[in-house]
$ cat target_38.csv   # CSV, C-alpha atoms
chain,number,residue,atom,x,y,z
A,176,ASN,CA,0.7,29.6,-22.2
A,177,LYS,CA,-1.2,31.3,-19.4
A,178,TRP,CA,-0.9,34.6,-17.6
A,179,LEU,CA,-1.7,34.2,-14.0
A,180,GLU,CA,-2.3,37.1,-11.6
A,181,ASP,CA,-3.3,36.9,-8.0
A,182,ARG,CA,-5.9,39.1,-6.4
A,183,TYR,CA,-3.4,41.4,-4.8
A,184,GLN,CA,-1.5,42.0,-8.0
A,185,VAL,CA,-4.5,43.1,-9.9
A,186,GLY,CA,-5.8,45.2,-7.0
A,187,GLY,CA,-5.4,49.0,-6.5
A,188,ASP,CA,-3.5,49.1,-3.2
A,189,ASN,CA,-3.2,52.8,-2.4
A,190,GLY,CA,0.2,52.5,-0.9
A,191,ASN,CA,1.4,51.0,-4.2
A,192,MET,CA,-0.3,53.8,-6.1
A,193,ALA,CA,1.6,56.3,-4.0
A,194,TRP,CA,4.9,54.7,-4.9
A,195,ALA,CA,4.0,54.7,-8.6
A,196,MET,CA,3.2,58.5,-8.2
A,197,LEU,CA,6.6,59.0,-6.5
A,198,ALA,CA,8.4,57.0,-9.3
A,199,LEU,CA,6.7,59.1,-12.0
A,200,LEU,CA,7.6,62.3,-10.2
A,201,SER,CA,11.2,61.2,-9.9
A,202,ILE,CA,11.3,60.8,-13.7
A,203,ASP,CA,9.6,64.1,-14.1
A,204,ASP,CA,12.4,65.7,-12.1
A,205,VAL,CA,14.9,64.8,-14.9
A,206,SER,CA,12.8,65.0,-18.0
A,207,THR,CA,11.2,67.7,-20.1
A,208,GLY,CA,7.5,68.0,-20.7
A,209,SER,CA,4.8,67.1,-18.3
A,210,ARG,CA,3.7,63.6,-19.2
A,211,PHE,CA,5.1,61.9,-16.1
A,212,ARG,CA,3.7,64.6,-13.9
A,213,ASP,CA,0.4,64.3,-15.6
A,214,GLY,CA,0.5,60.5,-15.1
A,215,ALA,CA,1.1,61.0,-11.4
A,216,ALA,CA,-1.8,63.4,-11.3
A,217,ARG,CA,-4.1,60.8,-13.0
A,218,ILE,CA,-3.1,58.2,-10.3
A,219,GLY,CA,-3.7,60.8,-7.6
A,220,ALA,CA,-7.2,61.6,-9.0
A,221,TRP,CA,-8.0,57.8,-8.9
A,222,VAL,CA,-6.7,57.6,-5.3
A,223,ALA,CA,-8.8,60.6,-4.3
A,224,GLN,CA,-12.0,58.5,-4.5
A,225,TRP,CA,-10.7,56.6,-1.4
A,226,ALA,CA,-10.6,59.7,0.8
A,227,ASP,CA,-12.5,58.9,4.0
A,228,THR,CA,-14.4,61.0,6.4
A,229,ARG,CA,-14.7,58.4,9.2
A,230,GLY,CA,-12.7,58.9,12.3
A,231,ALA,CA,-9.4,60.6,11.6
A,232,GLY,CA,-10.1,60.9,7.9
A,233,GLY,CA,-7.2,59.9,5.6
A,234,PHE,CA,-7.5,57.3,2.8
A,235,MET,CA,-8.8,53.8,2.7
A,236,GLY,CA,-6.8,50.8,1.5
A,237,GLY,CA,-8.0,50.8,-2.1
A,238,THR,CA,-9.1,47.6,-3.9
A,239,PHE,CA,-8.3,44.0,-3.9
A,240,GLY,CA,-9.2,41.5,-6.7
A,241,HIS,CA,-10.2,41.4,-10.3
A,242,GLU,CA,-12.3,43.9,-12.3
A,243,PRO,CA,-15.1,44.6,-12.8
A,244,THR,CA,-16.0,44.2,-9.1
A,245,PRO,CA,-12.9,44.2,-6.9
A,246,GLU,CA,-13.4,44.3,-3.2
A,247,VAL,CA,-13.1,47.7,-1.6
A,248,ARG,CA,-10.7,47.8,1.4
A,249,THR,CA,-12.3,50.1,4.0
A,250,TRP,CA,-9.5,49.8,6.5
A,251,LYS,CA,-6.9,52.6,6.6
A,252,SER,CA,-3.1,52.1,6.9
A,253,THR,CA,-0.6,54.4,8.6
A,254,GLU,CA,2.0,53.2,6.1
A,255,HIS,CA,-0.2,53.9,3.1
A,256,ASN,CA,-1.2,57.3,4.4
A,257,THR,CA,2.4,58.2,4.9
A,258,ASP,CA,3.1,57.1,1.3
A,259,LEU,CA,0.2,59.2,0.1
A,260,ALA,CA,1.3,62.3,2.1
A,261,ALA,CA,4.7,62.1,0.5
A,262,ALA,CA,3.3,61.6,-3.0
A,263,PHE,CA,0.5,64.2,-2.8
A,264,GLY,CA,3.0,66.7,-1.2
A,265,LEU,CA,5.5,66.3,-4.0
A,266,LEU,CA,2.7,66.5,-6.6
A,267,ALA,CA,1.6,69.8,-5.0
A,268,ILE,CA,5.1,71.1,-5.4
A,269,ARG,CA,5.5,70.0,-9.0
A,270,THR,CA,2.1,71.2,-10.2
A,271,GLY,CA,1.6,74.2,-7.9
A,272,ASN,CA,-2.0,72.9,-7.4
A,273,SER,CA,-3.1,73.4,-3.8
A,274,HIS,CA,-5.7,70.6,-4.2
A,275,TRP,CA,-2.8,68.1,-3.9
A,276,ARG,CA,-1.5,69.9,-0.8
A,277,ASP,CA,-4.9,69.5,0.8
A,278,MET,CA,-4.8,65.7,0.0
A,279,ALA,CA,-1.3,65.5,1.6
A,280,LYS,CA,-2.5,67.2,4.7
A,281,ALA,CA,-5.5,64.8,5.0
A,282,ALA,CA,-3.1,61.9,4.9
A,283,GLU,CA,-0.6,63.5,7.3
A,284,HIS,CA,-3.5,64.2,9.7
A,285,PHE,CA,-4.4,60.5,9.8
A,286,VAL,CA,-0.8,59.5,10.5
A,287,ASP,CA,-0.6,62.1,13.3
A,288,VAL,CA,-3.8,60.7,14.9
A,289,MET,CA,-2.4,57.2,14.8
A,290,TRP,CA,0.3,58.2,17.3
A,291,ASP,CA,-0.1,56.6,20.7
A,292,SER,CA,2.0,58.5,23.3
A,293,ALA,CA,1.5,55.8,25.9
A,294,CYS,CA,3.1,53.3,23.6
A,295,ALA,CA,5.5,55.8,21.9
A,296,CYS,CA,4.4,54.2,18.7
A,297,PHE,CA,2.0,54.5,15.7
A,298,ALA,CA,-0.9,52.2,15.4
A,299,ALA,CA,-0.7,50.2,12.1
A,300,GLY,CA,-4.0,51.9,11.0
A,301,THR,CA,-7.7,51.1,11.5
A,302,ALA,CA,-10.0,48.1,11.2
A,303,GLU,CA,-12.6,47.9,8.4
A,304,ASP,CA,-14.8,50.4,10.2
A,305,GLY,CA,-12.2,53.1,9.6
A,306,VAL,CA,-12.2,54.1,13.3
A,307,THR,CA,-11.1,51.3,15.5
A,308,ARG,CA,-7.3,51.3,15.8
A,309,ASN,CA,-5.3,48.3,14.6
A,310,PRO,CA,-3.1,47.6,17.6
A,311,ILE,CA,-0.4,45.7,15.7
A,312,LEU,CA,3.1,47.2,16.1
A,313,ALA,CA,4.5,47.2,12.5
A,314,LEU,CA,8.0,48.4,11.8
A,315,ASP,CA,7.2,50.3,8.6
A,316,ALA,CA,4.4,52.2,10.4
A,317,GLN,CA,7.1,53.4,12.9
A,318,VAL,CA,9.9,54.2,10.5
A,319,TRP,CA,8.3,55.7,7.4
A,320,PRO,CA,6.5,58.7,9.1
A,321,LEU,CA,9.8,59.8,10.6
A,322,THR,CA,11.6,59.6,7.3
A,323,ALA,CA,8.8,61.1,5.1
A,324,LEU,CA,6.8,63.7,7.0
A,325,PRO,CA,8.2,67.1,7.8
A,326,GLY,CA,9.1,67.5,11.4
A,327,ALA,CA,8.0,64.0,12.4
A,328,ALA,CA,11.5,62.8,13.2
A,329,LYS,CA,11.7,65.3,16.0
A,330,GLU,CA,8.1,65.2,17.1
A,331,PHE,CA,7.8,61.4,17.2
A,332,ALA,CA,11.5,60.6,18.0
A,333,SER,CA,10.6,58.2,20.8
A,334,ALA,CA,9.3,55.7,18.2
A,335,THR,CA,12.9,54.8,17.4
A,336,ALA,CA,13.4,53.7,21.0
A,337,THR,CA,10.2,51.6,20.8
A,338,VAL,CA,11.5,49.9,17.7
A,339,GLU,CA,14.9,49.2,19.3
A,340,GLN,CA,13.4,47.8,22.5
A,341,ARG,CA,10.5,45.8,21.0
A,342,MET,CA,11.5,44.8,17.5
A,343,SER,CA,15.3,44.3,17.4
A,344,VAL,CA,16.4,40.8,16.4
A,345,ASP,CA,19.9,39.5,15.5
A,346,GLN,CA,21.7,42.5,13.9
A,347,GLY,CA,18.5,44.0,12.6
A,348,PHE,CA,14.8,44.3,13.1
A,349,SER,CA,11.7,42.2,12.7
A,350,TYR,CA,8.5,43.2,11.0
A,351,GLY,CA,6.5,42.9,14.3
A,352,GLU,CA,6.9,42.2,17.9
A,353,ASP,CA,7.0,38.4,17.4
A,354,ARG,CA,10.7,38.8,16.4
A,355,ASP,CA,10.4,35.7,14.2
A,356,GLY,CA,13.3,36.8,12.1
A,357,MET,CA,15.1,39.8,10.6
A,358,TRP,CA,13.1,41.7,8.0
A,359,THR,CA,15.7,42.9,5.5
A,360,GLU,CA,13.6,45.6,3.9
A,361,GLY,CA,12.6,47.0,7.3
A,362,THR,CA,16.1,46.8,8.6
A,363,GLY,CA,17.2,48.8,5.6
A,364,GLN,CA,14.5,51.4,6.3
A,365,MET,CA,15.7,51.6,9.9
A,366,ALA,CA,19.3,52.0,8.8
A,367,LEU,CA,18.2,54.9,6.6
A,368,LEU,CA,16.3,56.5,9.5
A,369,MET,CA,19.4,56.2,11.7
A,370,GLU,CA,21.6,57.8,9.0
A,371,LEU,CA,19.1,60.7,8.7
A,372,LEU,CA,19.2,61.1,12.5
A,373,GLY,CA,23.0,61.2,12.5
A,374,ARG,CA,23.2,57.8,14.2

$ encode --input "target_38.csv" --output "C-alpha cells"
Amino acid sequence: NKWLEDRYQVGGDNGNMAWAMLALLSIDDVSTGSRFRDGAARIGAWVAQWADTRGAGGFMGGTFGHEPTPEVRTWKSTEHNTDLAAAFGLLAIRTGNSHWRDMAKAAEHFVDVMWDSACACFAAGTAEDGVTRNPILALDAQVWPLTALPGAAKEFASATATVEQRMSVDQGFSYGEDRDGMWTEGTGQMALLMELLGR
C-alpha cells in the first residue's frame, strides 16, 4: 500500500517536458478548442525558466528530485535542446506567437554550436558549468537533430557516417562508442533517419 517514485520520475527533465508538449500539440491537431494547445503553452512557460545565457545559450536540464527543493540540473543537453526546438517551433506555428519561435531558435542555436566538424558529430551537451562540452558520443544526439531541425539533415549529413563507423553493432547501433550491445530505441531512430534520407 505504498506509492514509490524515484527522483528522476518526480523531476522536471526538460527533454521529457518537450515530449509532453509535442504529445499535447498532436492531440490539438485533431481536436477542437484550445485546451491541449494551452496545456503545451503552460509547460513551455515552465521550461522557459531554464533558458540559459552561459556559453551557447539554450536550455538547462531542468530538475531532479522531490519538491519542494529539487536539484537544478545546470548542464545542457543536445538531445533536450533538439526536443525543445521541435516543441517550441510547433507551438509557435499553432499559436502564432513569435515568443515561442524565439525560444525554438535559442534551442536550435545551442544544437548548432554543439557541432564539431573535426569529429563530424554533435557533442552530447555541456558540463554543469553550461560551457564545457561533454565529449561523449551519444547516438540520440547525432540522430535527432537531423530528423527534427530544418535543414540539419543536409548541413550535418556527415554525422550519419560517424554513427555508422563508430557506433554500429550487430545489425543495429549502440548508445555510445563502447558498442556494449544494440540499443533498440536508438536503432529505430537511425532506421527512421535512413528512411527520411531515402536510404

$ closest_residue --input "target_38.csv" --among "A:Gly240, A:Arg210, A:Ala193, A:Trp319" --to "Glu180 in chain A" --atoms "only C-alpha atoms"
A:Gly240

$ atom_distance --input "target_38.csv" --atom1 "CA of Ala267 in chain A" --atom2 "CA of Cys296 in chain A"
28.5 Å

$ atom_distance --input "target_38.csv" --atom1 "CA of Met357 in chain A" --atom2 "CA of Ser343 in chain A"
8.2 Å

$ residues_around --input "target_38.csv" --residues "Thr244 in chain A" --least-positions-apart "3" --cutoff "12 Å" --atoms "all atoms listed in the file" --output "list in words"
Arg182, Val185, Gly186, Gly187, Thr238, Phe239, Gly240, His241 and Val247 of chain A

$ closest_residue --input "target_38.csv" --among "A:Asp277, A:Phe211, A:Leu368, A:Asn272" --to "Lys329 in chain A" --atoms "all atoms listed in the file"
A:Leu368

$ closest_residue --input "target_38.csv" --among "A:Leu372, A:Ala316, A:Asp345, A:Ala198" --to "Ala328 in chain A" --atoms "all atoms listed in the file"
A:Leu372
